[in-house]
file query-v6.cif (mmCIF, C-alpha atoms)
data_query
#
loop_
_atom_site.label_atom_id
_atom_site.label_comp_id
_atom_site.auth_asym_id
_atom_site.auth_seq_id
_atom_site.Cartn_x
_atom_site.Cartn_y
_atom_site.Cartn_z
CA MET W 1 0.00 0.00 0.00
CA LEU W 2 2.80 2.37 0.95
CA GLY W 3 4.58 1.65 -2.34
CA ALA W 4 1.48 2.61 -4.30
CA LEU W 5 1.01 5.73 -2.19
CA ILE W 6 4.58 6.94 -2.73
CA ILE W 7 4.75 6.31 -6.47
CA VAL W 8 1.32 7.79 -7.18
CA PHE W 9 2.11 10.83 -5.02
CA ARG W 10 5.46 11.34 -6.74
CA GLU W 11 3.99 11.27 -10.23
CA VAL W 12 0.93 13.32 -9.27
CA ILE W 13 2.97 16.17 -7.77
CA GLU W 14 5.05 16.44 -10.94
CA ALA W 15 1.93 16.89 -13.06
CA GLY W 16 0.24 18.80 -10.20
CA LEU W 17 2.93 21.46 -10.10
CA ILE W 18 2.30 22.22 -13.77
CA ILE W 19 -1.49 22.18 -13.29
CA GLY W 20 -1.17 24.53 -10.30
CA ILE W 21 0.93 26.99 -12.31
CA VAL W 22 -1.42 26.90 -15.31
CA LEU W 23 -4.42 27.52 -13.05
CA ALA W 24 -2.67 30.47 -11.42
CA VAL W 25 -1.56 31.86 -14.78
CA THR W 26 -5.10 31.71 -16.14
CA ARG W 27 -6.85 33.12 -13.13
CA GLY W 28 -9.97 34.99 -14.15
CA VAL W 29 -10.18 33.45 -17.61
CA PRO W 30 -13.75 32.26 -18.22
CA GLY W 31 -14.00 28.52 -18.79
CA ARG W 32 -10.45 27.76 -17.75
CA GLY W 33 -11.69 25.12 -15.30
CA GLN W 34 -13.27 23.16 -18.16
CA TRP W 35 -10.15 23.52 -20.29
CA VAL W 36 -7.83 22.25 -17.57
CA ALA W 37 -10.22 19.49 -16.43
CA GLY W 38 -10.70 18.48 -20.07
CA GLY W 39 -6.96 18.34 -20.60
CA VAL W 40 -6.50 16.15 -17.53
CA ALA W 41 -9.44 13.85 -18.38
CA VAL W 42 -8.31 13.24 -21.96
CA ALA W 43 -4.77 12.64 -20.72
CA VAL W 44 -5.86 10.09 -18.10
CA LEU W 45 -7.63 8.10 -20.84
CA GLY W 46 -4.58 8.57 -23.03
CA ALA W 47 -2.30 7.34 -20.24
CA ALA W 48 -4.31 4.11 -19.94
CA LEU W 49 -4.11 3.60 -23.72
CA LEU W 50 -0.42 4.40 -23.67
CA ALA W 51 0.17 1.76 -21.01
CA VAL W 52 -1.70 -0.83 -23.10
CA PHE W 53 0.46 -0.03 -26.13
CA ALA W 54 3.67 0.36 -24.11
CA GLU W 55 5.25 -2.59 -25.81
CA SER W 56 4.64 -1.45 -29.39
CA ILE W 57 5.76 2.11 -28.57
CA SER W 58 8.86 0.73 -26.92
CA SER W 59 9.85 -1.35 -29.92
CA ALA W 60 9.18 1.43 -32.45
CA PHE W 61 12.14 3.31 -33.97
CA GLU W 62 14.46 0.36 -33.38
CA GLY W 63 13.79 0.27 -29.66
CA ALA W 64 14.02 4.02 -29.14
CA GLY W 65 10.27 4.66 -29.48
CA GLN W 66 9.79 5.55 -25.83
CA GLU W 67 12.59 8.11 -25.87
CA MET W 68 11.28 9.60 -29.13
CA PHE W 69 7.78 9.76 -27.67
CA ASN W 70 8.97 11.52 -24.51
CA ALA W 71 11.13 13.94 -26.46
CA SER W 72 8.20 14.81 -28.76
CA VAL W 73 5.78 15.31 -25.89
CA LEU W 74 8.25 17.61 -24.14
CA GLY W 75 9.04 19.42 -27.38
CA ILE W 76 5.36 20.17 -28.04
CA ALA W 77 4.91 21.39 -24.46
CA VAL W 78 7.90 23.74 -24.85
CA ALA W 79 6.43 25.16 -28.07
CA MET W 80 3.04 25.72 -26.38
CA LEU W 81 4.64 27.47 -23.40
CA MET W 82 6.66 29.67 -25.75
CA TRP W 83 3.53 30.59 -27.64
CA HIS W 84 1.74 31.41 -24.41
CA ASN W 85 4.44 33.79 -23.23
CA LEU W 86 4.58 35.40 -26.67
CA TRP W 87 0.85 35.92 -26.59
CA MET W 88 1.00 37.32 -23.10
CA ALA W 89 3.75 39.75 -24.12
CA SER W 90 1.63 41.22 -26.88
CA HIS W 91 -1.71 41.20 -25.03
CA GLY W 92 -0.54 41.45 -21.45
CA GLN W 93 -0.58 45.20 -21.28
CA GLU W 94 -4.16 45.70 -22.37
CA MET W 95 -5.13 42.94 -19.97
CA ALA W 96 -3.26 44.57 -17.14
CA ALA W 97 -5.02 47.84 -17.97
CA SER W 98 -8.45 46.22 -17.95
CA MET W 99 -7.65 44.44 -14.72
CA ALA W 100 -6.70 47.72 -13.12
CA ALA W 101 -9.89 49.30 -14.43
CA VAL W 102 -12.43 46.70 -13.37
CA GLY W 103 -10.64 44.81 -10.67
CA HIS W 104 -9.05 41.47 -11.34
CA SER W 105 -12.27 39.51 -11.77
CA VAL W 106 -12.70 40.35 -15.44
CA THR W 107 -10.07 39.31 -17.92
CA SER W 108 -9.98 38.72 -21.62
CA GLY W 109 -11.64 35.46 -22.53
CA GLN W 110 -9.53 34.76 -25.58
CA ARG W 111 -6.31 33.83 -23.87
CA PRO W 112 -4.51 30.86 -25.34
CA MET W 113 -6.31 28.37 -23.10
CA ALA W 114 -6.03 25.59 -25.65
CA ALA W 115 -2.23 25.77 -25.61
CA LEU W 116 -2.10 25.58 -21.82
CA ALA W 117 -4.71 22.81 -21.67
CA LEU W 118 -2.46 20.88 -24.04
CA VAL W 119 0.52 21.44 -21.74
CA VAL W 120 -1.52 20.19 -18.76
CA GLY W 121 -2.66 17.20 -20.81
CA LEU W 122 0.86 16.29 -21.94
CA ALA W 123 2.24 16.52 -18.39
CA THR W 124 -0.58 14.32 -17.11
CA LEU W 125 -0.08 11.89 -19.98
CA ARG W 126 3.59 11.33 -19.20
CA GLU W 127 3.22 10.92 -15.46
CA GLY W 128 -0.12 9.10 -15.75
CA SER W 129 1.16 6.35 -18.01
CA GLU W 130 3.90 5.61 -15.48
CA VAL W 131 1.33 5.34 -12.71
CA VAL W 132 -0.82 2.98 -14.78
CA LEU W 133 2.12 0.72 -15.63
CA PHE W 134 3.32 0.71 -12.05
CA LEU W 135 -0.10 -0.14 -10.62
CA TYR W 136 -0.54 -2.89 -13.20
CA SER W 137 2.89 -4.20 -12.32
CA ILE W 138 2.15 -4.54 -8.61
CA VAL W 139 -1.33 -5.96 -9.16
CA ALA W 140 0.21 -8.63 -11.37
CA ALA W 141 2.79 -9.29 -8.65
CA GLY W 142 -0.01 -10.25 -6.29
CA THR W 143 -0.67 -7.22 -4.09
CA SER W 144 -4.33 -7.16 -3.18
CA ALA W 145 -6.44 -4.78 -5.23
CA SER W 146 -8.00 -3.12 -2.18
CA SER W 147 -4.63 -2.27 -0.64
CA LEU W 148 -3.53 -0.89 -4.00
CA LEU W 149 -6.69 1.15 -4.35
CA LEU W 150 -6.23 2.63 -0.89
CA GLY W 151 -2.57 3.50 -1.49
CA GLY W 152 -3.31 4.93 -4.92
CA THR W 153 -6.23 7.01 -3.65
CA LEU W 154 -4.22 8.40 -0.73
CA GLY W 155 -1.36 9.22 -3.11
CA LEU W 156 -3.74 10.96 -5.48
CA ALA W 157 -5.34 12.94 -2.64
CA ALA W 158 -1.97 14.03 -1.28
CA GLY W 159 -0.90 15.03 -4.79
CA ALA W 160 -4.11 17.02 -5.32
CA ALA W 161 -3.58 18.80 -2.00
CA PHE W 162 -0.11 19.72 -3.18
CA THR W 163 -1.53 21.10 -6.44
CA ALA W 164 -3.94 23.26 -4.44
CA LEU W 165 -1.04 24.48 -2.30
CA THR W 166 0.90 25.51 -5.43
CA TYR W 167 -2.14 27.30 -6.79
CA TYR W 168 -2.99 29.23 -3.64
CA GLY W 169 0.68 29.98 -3.04
CA LEU W 170 0.87 31.64 -6.44
CA LEU W 171 -2.40 33.48 -5.88
CA ALA W 172 -0.85 35.11 -2.83
CA ILE W 173 1.42 37.06 -5.18
CA PRO W 174 0.15 40.64 -5.59
CA THR W 175 -1.69 41.22 -8.88
CA ARG W 176 0.77 43.80 -10.17
CA HIS W 177 3.59 41.26 -10.02
CA ILE W 178 1.68 38.22 -11.25
CA PHE W 179 2.42 38.76 -14.97
CA THR W 180 6.15 39.00 -14.38
CA VAL W 181 6.20 36.04 -12.00
CA THR W 182 4.19 33.74 -14.27
CA THR W 183 6.16 34.77 -17.34
CA VAL W 184 9.39 33.85 -15.59
CA LEU W 185 7.91 30.62 -14.17
CA ILE W 186 6.69 29.49 -17.58
CA ALA W 187 10.02 30.34 -19.22
CA LEU W 188 11.89 28.27 -16.61
CA LEU W 189 9.38 25.42 -16.94
CA ALA W 190 9.92 25.41 -20.72
CA ALA W 191 13.71 25.58 -20.40
CA GLY W 192 13.68 22.61 -18.01
CA MET W 193 11.50 20.61 -20.40
CA ALA W 194 13.82 21.41 -23.31
CA ALA W 195 16.79 20.15 -21.28
CA GLN W 196 14.90 16.91 -20.55
CA ALA W 197 13.91 16.54 -24.20
CA VAL W 198 17.51 16.68 -25.46
CA GLN W 199 18.49 14.07 -22.89
CA PHE W 200 15.81 11.73 -24.29
CA LEU W 201 17.14 12.35 -27.82
CA ASP W 202 20.61 11.51 -26.53
CA ALA W 203 19.28 8.31 -24.89
CA ALA W 204 17.60 7.43 -28.19
CA GLY W 205 21.01 7.64 -29.84
CA LEU W 206 19.72 10.37 -32.13
CA ILE W 207 22.07 13.13 -31.07
CA ASN W 208 25.44 12.46 -29.64
CA VAL W 209 27.18 15.74 -29.09
CA LEU W 210 28.14 17.62 -25.95
CA GLY W 211 27.43 14.59 -23.80
CA GLN W 212 30.02 15.46 -21.14
CA ARG W 213 28.76 15.89 -17.62
CA LEU W 214 29.18 19.45 -16.40
CA TRP W 215 28.90 18.99 -12.67
CA ASP W 216 27.60 16.62 -10.03
CA SER W 217 25.54 18.15 -7.26
CA SER W 218 23.85 14.87 -6.27
CA GLY W 219 25.73 14.99 -2.96
CA TRP W 220 24.03 18.23 -1.92
CA LEU W 221 20.66 17.94 -3.56
CA PRO W 222 19.86 14.58 -5.14
CA GLN W 223 17.42 14.82 -8.02
CA ASP W 224 15.55 11.81 -6.60
CA SER W 225 14.70 13.60 -3.36
CA ILE W 226 11.34 15.32 -3.07
CA VAL W 227 12.88 18.80 -3.21
CA GLY W 228 15.06 17.69 -6.12
CA ARG W 229 12.03 16.40 -8.00
CA LEU W 230 10.05 19.57 -7.39
CA LEU W 231 12.92 21.75 -8.59
CA HIS W 232 13.39 19.40 -11.53
CA THR W 233 9.82 19.99 -12.69
CA LEU W 234 9.72 23.66 -11.74
CA VAL W 235 13.04 25.03 -13.01
CA GLY W 236 14.59 21.98 -14.67
CA TYR W 237 17.05 21.17 -11.87
CA THR W 238 19.33 18.28 -12.84
CA ASP W 239 22.03 17.01 -10.49
CA ARG W 240 24.31 15.82 -13.34
CA PRO W 241 23.60 17.96 -16.39
CA THR W 242 25.35 17.44 -19.70
CA GLU W 243 26.74 20.28 -21.78
CA LEU W 244 23.94 19.78 -24.28
CA GLN W 245 21.31 20.08 -21.56
CA LEU W 246 22.73 23.40 -20.41
CA VAL W 247 22.88 24.63 -24.02
CA ALA W 248 19.21 23.64 -24.56
CA TYR W 249 18.23 25.31 -21.29
CA ILE W 250 19.94 28.61 -22.03
CA ALA W 251 18.85 28.59 -25.67
CA THR W 252 15.20 28.14 -24.67
CA LEU W 253 15.40 31.02 -22.19
CA ALA W 254 17.14 33.18 -24.78
CA ILE W 255 14.60 32.40 -27.51
CA MET W 256 11.71 33.11 -25.19
CA THR W 257 13.20 36.40 -24.04
CA LEU W 258 13.95 37.42 -27.61
CA LEU W 259 10.47 36.52 -28.89
CA THR W 260 8.87 38.35 -26.01
CA ARG W 261 10.91 41.49 -26.80
CA ILE W 262 10.24 41.30 -30.54
CA SER W 263 6.52 40.92 -30.06
CA GLY W 264 6.50 44.64 -29.44
CA SER W 265 5.73 44.81 -25.78
CA SER W 266 7.27 47.65 -23.88
CA ARG W 267 7.23 45.47 -20.80
CA PRO W 268 10.80 44.39 -20.24
CA ALA W 269 11.10 40.63 -20.70
CA ARG W 270 12.40 39.24 -17.48
CA ALA W 271 12.54 35.61 -18.47
CA ALA W 272 16.30 35.31 -18.43
CA THR W 273 17.01 37.08 -15.21
CA MET Q 274 29.86 3.92 -58.13
CA THR Q 275 30.67 0.26 -58.62
CA LYS Q 276 34.35 1.06 -58.16
CA LEU Q 277 33.54 2.71 -54.89
CA MET Q 278 31.59 -0.24 -53.52
CA PRO Q 279 34.53 -2.16 -52.04
CA ALA Q 280 35.72 0.98 -50.33
CA ILE Q 281 32.26 1.59 -48.87
CA VAL Q 282 31.98 -2.01 -47.70
CA LEU Q 283 35.43 -1.75 -46.12
CA ALA Q 284 34.52 1.51 -44.42
CA TRP Q 285 31.38 -0.04 -43.00
CA ALA Q 286 33.22 -3.12 -41.85
CA PHE Q 287 35.71 -0.87 -40.10
CA LEU Q 288 32.97 1.16 -38.46
CA ALA Q 289 31.13 -1.95 -37.34
CA THR Q 290 34.16 -3.66 -35.85
CA SER Q 291 36.08 -0.74 -34.39
CA PRO Q 292 35.81 -1.19 -30.62
CA ALA Q 293 34.34 2.08 -29.53
CA LEU Q 294 33.98 5.15 -31.66
CA PRO Q 295 33.20 7.97 -29.30
CA GLY Q 296 29.74 9.28 -29.87
CA THR Q 297 28.17 6.40 -31.72
CA GLY Q 298 25.17 4.87 -30.03
CA GLY Q 299 24.96 1.90 -32.34
CA ALA Q 300 27.45 -0.63 -33.55
CA GLY Q 301 30.53 1.05 -32.13
CA ALA Q 302 29.28 1.32 -28.56
CA GLN Q 303 30.07 -1.21 -25.84
CA GLU Q 304 27.35 -3.87 -25.77
CA LEU Q 305 26.29 -5.20 -22.39
CA ARG Q 306 23.46 -7.41 -21.25
CA LEU Q 307 21.23 -7.40 -18.20
CA VAL Q 308 18.33 -9.68 -17.28
CA ILE Q 309 15.38 -8.94 -15.00
CA ARG Q 310 14.07 -12.11 -13.35
CA ASN Q 311 11.73 -12.19 -10.33
CA HIS Q 312 12.24 -8.40 -10.01
CA ILE Q 313 15.98 -8.79 -9.57
CA PHE Q 314 18.73 -7.59 -11.92
CA GLU Q 315 21.24 -10.19 -13.10
CA PRO Q 316 24.05 -9.34 -12.84
CA ALA Q 317 23.55 -6.71 -10.14
CA GLU Q 318 26.99 -5.29 -10.87
CA LEU Q 319 28.15 -4.26 -14.33
CA ARG Q 320 31.67 -3.15 -15.19
CA VAL Q 321 32.06 -0.75 -18.08
CA PRO Q 322 35.03 1.15 -19.44
CA ALA Q 323 35.09 4.80 -18.41
CA GLY Q 324 34.96 7.46 -21.10
CA LYS Q 325 33.00 5.39 -23.60
CA ARG Q 326 29.47 5.31 -24.84
CA VAL Q 327 27.68 2.23 -23.49
CA SER Q 328 24.70 0.41 -24.92
CA LEU Q 329 22.95 -1.89 -22.45
CA SER Q 330 20.48 -4.50 -23.63
CA ILE Q 331 17.96 -5.34 -20.90
CA SER Q 332 15.77 -8.38 -21.13
CA ASN Q 333 12.75 -8.42 -18.83
CA GLU Q 334 11.78 -12.05 -18.31
CA ASP Q 335 9.07 -11.22 -15.77
CA PRO Q 336 5.48 -10.95 -17.00
CA THR Q 337 5.21 -7.48 -15.44
CA PRO Q 338 6.62 -4.18 -16.73
CA GLU Q 339 9.63 -2.63 -15.02
CA GLU Q 340 11.17 0.81 -15.20
CA PHE Q 341 14.94 0.94 -15.43
CA ASP Q 342 15.67 4.16 -13.61
CA SER Q 343 18.95 5.88 -12.80
CA SER Q 344 19.43 9.58 -12.31
CA ALA Q 345 23.17 8.87 -12.09
CA LEU Q 346 23.16 7.40 -15.61
CA LYS Q 347 20.45 9.82 -16.73
CA VAL Q 348 18.28 6.97 -17.96
CA GLU Q 349 14.61 6.32 -17.40
CA LYS Q 350 12.99 3.60 -19.45
CA VAL Q 351 9.95 1.34 -19.12
CA ILE Q 352 10.52 -2.23 -20.22
CA PRO Q 353 7.23 -4.08 -20.77
CA GLY Q 354 6.90 -7.64 -19.43
CA LYS Q 355 8.48 -10.43 -21.46
CA SER Q 356 10.39 -8.07 -23.69
CA ARG Q 357 13.73 -6.48 -24.34
CA ALA Q 358 14.94 -2.90 -24.47
CA VAL Q 359 18.17 -1.06 -25.09
CA VAL Q 360 19.35 1.88 -23.01
CA ARG Q 361 22.32 4.04 -23.94
CA PHE Q 362 24.45 6.10 -21.60
CA GLY Q 363 27.90 7.56 -21.10
CA PRO Q 364 30.63 8.49 -21.63
CA LEU Q 365 31.07 8.04 -17.86
CA ASP Q 366 33.74 9.25 -15.49
CA PRO Q 367 35.23 6.46 -13.35
CA GLY Q 368 32.92 5.69 -10.43
CA ARG Q 369 29.81 3.92 -9.21
CA TYR Q 370 26.44 4.58 -10.81
CA GLU Q 371 23.43 3.07 -9.09
CA PHE Q 372 20.25 2.03 -10.86
CA ILE Q 373 16.92 0.61 -9.72
CA GLY Q 374 13.81 -0.98 -11.13
CA GLU Q 375 11.42 1.71 -10.04
CA PHE Q 376 8.38 -0.55 -9.94
CA HIS Q 377 10.08 -2.95 -7.51
CA ALA Q 378 12.62 -0.69 -5.89
CA ASP Q 379 13.03 -2.91 -2.81
CA THR Q 380 14.47 -5.87 -4.77
CA ALA Q 381 15.50 -4.53 -8.18
CA LYS Q 382 18.81 -2.79 -7.50
CA GLY Q 383 22.12 -2.68 -9.25
CA VAL Q 384 25.22 -0.66 -9.95
CA VAL Q 385 27.31 0.23 -12.99
CA ILE Q 386 31.01 0.56 -12.22
CA ALA Q 387 32.96 2.62 -14.71
CA GLU Q 388 36.72 2.10 -14.62
#
call {"tool": "encode", "arguments": {"input": "query-v6.cif", "output": "structure tokens"}}
result
Amino acid sequence: MLGALIIVFREVIEAGLIIGIVLAVTRGVPGRGQWVAGGVAVAVLGAALLAVFAESISSAFEGAGQEMFNASVLGIAVAMLMWHNLWMASHGQEMAASMAAVGHSVTSGQRPMAALALVVGLATLREGSEVVLFLYSIVAAGTSASSLLLGGTLGLAAGAAFTALTYYGLLAIPTRHIFTVTTVLIALLAAGMAAQAVQFLDAAGLINVLGQRLWDSSGWLPQDSIVGRLLHTLVGYTDRPTELQLVAYIATLAIMTLLTRISGSSRPARAAT
Amino acid sequence: MTKLMPAIVLAWAFLATSPALPGTGGAGAQELRLVIRNHIFEPAELRVPAGKRVSLSISNEDPTPEEFDSSALKVEKVIPGKSRAVVRFGPLDPGRYEFIGEFHADTAKGVVIAE
């Protein structure tokens, strides 16, 4: 039971952190609840399907199908996050003005909800399929279904509580700072995902440059620890990054900053600071 | 073109047999094998040369899926039951690199020693 609780909790908080941020970013957008819930629901179904087809995905692309799949999922999420920040840079000002005028309850309804719902869905899909495979694995090993159900439910509840904590924590940020904070958060989220994506491409054998390890901070802050995992999802913390990962990380931040500037906003882009 | 063929064949033969070309994930990399049986890795200790790209073929003989997971090796891969998968890692500095089967972390443990 404890095993199920821990694994489910661990996967749920990784997706939950992203869901919490997206909910905070889209505060006041009409219908955002449906978008996010829809993204999660579709992804949970997708995760079950993914687990069923795990074997065929795994053997695709000469055995590198799983890595290719993960890299693609992360790549799409990075693109969606970039688009969101770009959109915010060009529309953020008018939104900020309208928020100041009518209080923060009314915001433009045409924000790129679909892009963020997709990001939520992709995060849930990746973590969810691991949960499904794990639960199947321990059921098949003979753990009783009721014990599994209890552990899984407790893990899910704890993960959901953590998501709520992230959300309300972000809401505590004063309105005038929220744009800057979420822009930076999303840029860091995207940079971390890009760094993970290139590592999957490296594991697939697709790219093989700059594979040297840059440093090893696993002694101070292991990536497997809870704090390490949270920072891994949030800002892309890696205890043994390769040169390529750092390049991907910095390049993503640079591209996002550049795009945000070009999009004509007079708001200074703070993504890289 | 036909005159070039022997040269191409020779080049390929060289590439395929040369012990370890840095940076190739395929034929040139070190090939190693690992078996998962009753949620235990066999062997639990693998010795690999430091500074080279390693390709590890893992055969999961259990009916249940397992996730080969190592933040030290920067690898995370699900291996479905009764199937085989290849993970690639390195070049590694000399040292110990632990890995686990995440779905049965209490029994499925092992270590890669690079030297």
call {"tool": "atom_distance", "arguments": {"input": "query-v6.cif", "atom1": "CA of Val209 in chain W", "atom2": "CA of Ala54 in chain W"}}
result
28.5 Å
call {"tool": "interface_residues", "arguments": {"input": "query-v6.cif", "of": "chain W", "to": "chain Q", "cutoff": "8 Å", "atoms": "all atoms listed in the file", "output": "list in words"}}
result
Ala54, Glu55, Ser58, Ser59, Gly63, Ala64, Gln66, Glu67, Leu133, Phe134, Tyr136, Ser137, Ile138, Ala140, Ala141, Gln199, Ala203, Ala204, Gly205, Asn208, Val209, Gly211, Gln212, Gln223, Asp224 and Arg240 of chain W
call {"tool": "closest_residue", "arguments": {"input": "query-v6.cif", "among": "Q:Ile313, Q:Pro367, Q:Glu334, Q:Lys325", "to": "Lys382 in chain Q", "atoms": "only C-alpha atoms"}}
result
Q:Ile313
call {"tool": "atom_distance", "arguments": {"input": "query-v6.cif", "atom1": "CA of Gly121 in chain W", "atom2": "CA of Pro30 in chain W"}}
result
18.9 Å
call {"tool": "resolve_selection", "arguments": {"input": "query-v6.cif", "expression": "the PyMOL selection byres ((chain Q and resi 318-322) around 8)", "output": "list of chain:residue names"}}
result
Q:Glu315, Q:Pro316, Q:Ala317, Q:Ala323, Q:Gly324, Q:Lys325, Q:Val327, Q:Gly383, Q:Val384, Q:Val385, Q:Ile386, Q:Ala387, Q:Glu388
call {"tool": "residues_near_point", "arguments": {"input": "query-v6.cif", "point": "(3.6, 35.8, -17.6)", "cutoff": "6 Å", "atoms": "all atoms listed in the file", "output": "list in words"}}
result
Phe179, Thr180, Thr182 and Thr183 of chain W
call {"tool": "atom_distance", "arguments": {"input": "query-v6.cif", "atom1": "CA of Val119 in chain W", "atom2": "CA of Leu188 in chain W"}}
result
14.2 Å
call {"tool": "residues_near_point", "arguments": {"input": "query-v6.cif", "point": "(10.8, 26.0, -17.9)", "cutoff": "12 Å", "atoms": "all atoms listed in the file", "output": "PyMOL selection string"}}
result
chain W and resi 17-18+21+74-75+77-82+85+119+182-197+231-237+248-254+256+271-272
call {"tool": "resolve_selection", "arguments": {"input": "query-v6.cif", "expression": "the PyMOL selection byres ((chain W and resi 123) around 10)", "output": "PyMOL selection string"}}
result
chain W and resi 11-12+14-19+39-40+43+73-74+77+117-122+124-128
call {"tool": "build_atoms", "arguments": {"input": "query-v6.cif", "residues": "range 126-141 of chain W", "atoms": "N, CA, C and O atoms", "output": "JSON list (two decimals), keeping the file's coordinate frame"}}
result
[["chain", "number", "residue", "atom", "x", "y", "z"],
["W", 126, "ARG", "N", 2.29, 11.94, -19.49],
["W", 126, "ARG", "CA", 3.59, 11.33, -19.20],
["W", 126, "ARG", "C", 3.61, 10.69, -17.82],
["W", 126, "ARG", "O", 4.02, 9.55, -17.65],
["W", 127, "GLU", "N", 3.17, 11.45, -16.82],
["W", 127, "GLU", "CA", 3.22, 10.92, -15.46],
["W", 127, "GLU", "C", 2.16, 9.83, -15.29],
["W", 127, "GLU", "O", 2.41, 8.83, -14.62],
["W", 128, "GLY", "N", 0.99, 10.05, -15.90],
["W", 128, "GLY", "CA", -0.12, 9.10, -15.75],
["W", 128, "GLY", "C", 0.21, 7.72, -16.29],
["W", 128, "GLY", "O", -0.13, 6.71, -15.68],
["W", 129, "SER", "N", 0.89, 7.67, -17.43],
["W", 129, "SER", "CA", 1.16, 6.35, -18.01],
["W", 129, "SER", "C", 2.12, 5.57, -17.12],
["W", 129, "SER", "O", 2.03, 4.35, -17.02],
["W", 130, "GLU", "N", 3.00, 6.30, -16.42],
["W", 130, "GLU", "CA", 3.90, 5.61, -15.48],
["W", 130, "GLU", "C", 3.12, 5.03, -14.31],
["W", 130, "GLU", "O", 3.38, 3.92, -13.87],
["W", 131, "VAL", "N", 2.15, 5.81, -13.82],
["W", 131, "VAL", "CA", 1.33, 5.34, -12.71],
["W", 131, "VAL", "C", 0.57, 4.08, -13.12],
["W", 131, "VAL", "O", 0.56, 3.08, -12.40],
["W", 132, "VAL", "N", -0.04, 4.13, -14.31],
["W", 132, "VAL", "CA", -0.82, 2.98, -14.78],
["W", 132, "VAL", "C", 0.06, 1.73, -14.88],
["W", 132, "VAL", "O", -0.30, 0.66, -14.38],
["W", 133, "LEU", "N", 1.23, 1.88, -15.47],
["W", 133, "LEU", "CA", 2.12, 0.72, -15.63],
["W", 133, "LEU", "C", 2.57, 0.18, -14.29],
["W", 133, "LEU", "O", 2.63, -1.01, -14.07],
["W", 134, "PHE", "N", 2.87, 1.12, -13.38],
["W", 134, "PHE", "CA", 3.32, 0.71, -12.05],
["W", 134, "PHE", "C", 2.22, -0.05, -11.32],
["W", 134, "PHE", "O", 2.45, -1.12, -10.75],
["W", 135, "LEU", "N", 1.00, 0.51, -11.33],
["W", 135, "LEU", "CA", -0.10, -0.14, -10.62],
["W", 135, "LEU", "C", -0.37, -1.52, -11.21],
["W", 135, "LEU", "O", -0.57, -2.49, -10.50],
["W", 136, "TYR", "N", -0.33, -1.60, -12.55],
["W", 136, "TYR", "CA", -0.54, -2.89, -13.20],
["W", 136, "TYR", "C", 0.54, -3.87, -12.75],
["W", 136, "TYR", "O", 0.27, -5.03, -12.43],
["W", 137, "SER", "N", 1.76, -3.35, -12.68],
["W", 137, "SER", "CA", 2.89, -4.20, -12.32],
["W", 137, "SER", "C", 2.74, -4.77, -10.91],
["W", 137, "SER", "O", 3.05, -5.94, -10.68],
["W", 138, "ILE", "N", 2.25, -3.96, -9.96],
["W", 138, "ILE", "CA", 2.15, -4.54, -8.61],
["W", 138, "ILE", "C", 0.89, -5.37, -8.43],
["W", 138, "ILE", "O", 0.89, -6.30, -7.65],
["W", 139, "VAL", "N", -0.15, -5.08, -9.21],
["W", 139, "VAL", "CA", -1.33, -5.96, -9.16],
["W", 139, "VAL", "C", -0.93, -7.34, -9.66],
["W", 139, "VAL", "O", -1.23, -8.37, -9.05],
["W", 140, "ALA", "N", -0.21, -7.36, -10.77],
["W", 140, "ALA", "CA", 0.21, -8.63, -11.37],
["W", 140, "ALA", "C", 1.15, -9.38, -10.44],
["W", 140, "ALA", "O", 1.22, -10.60, -10.46],
["W", 141, "ALA", "N", 1.87, -8.65, -9.57],
["W", 141, "ALA", "CA", 2.79, -9.29, -8.65],
["W", 141, "ALA", "C", 2.07, -9.83, -7.42],
["W", 141, "ALA", "O", 2.69, -10.41, -6.54]]
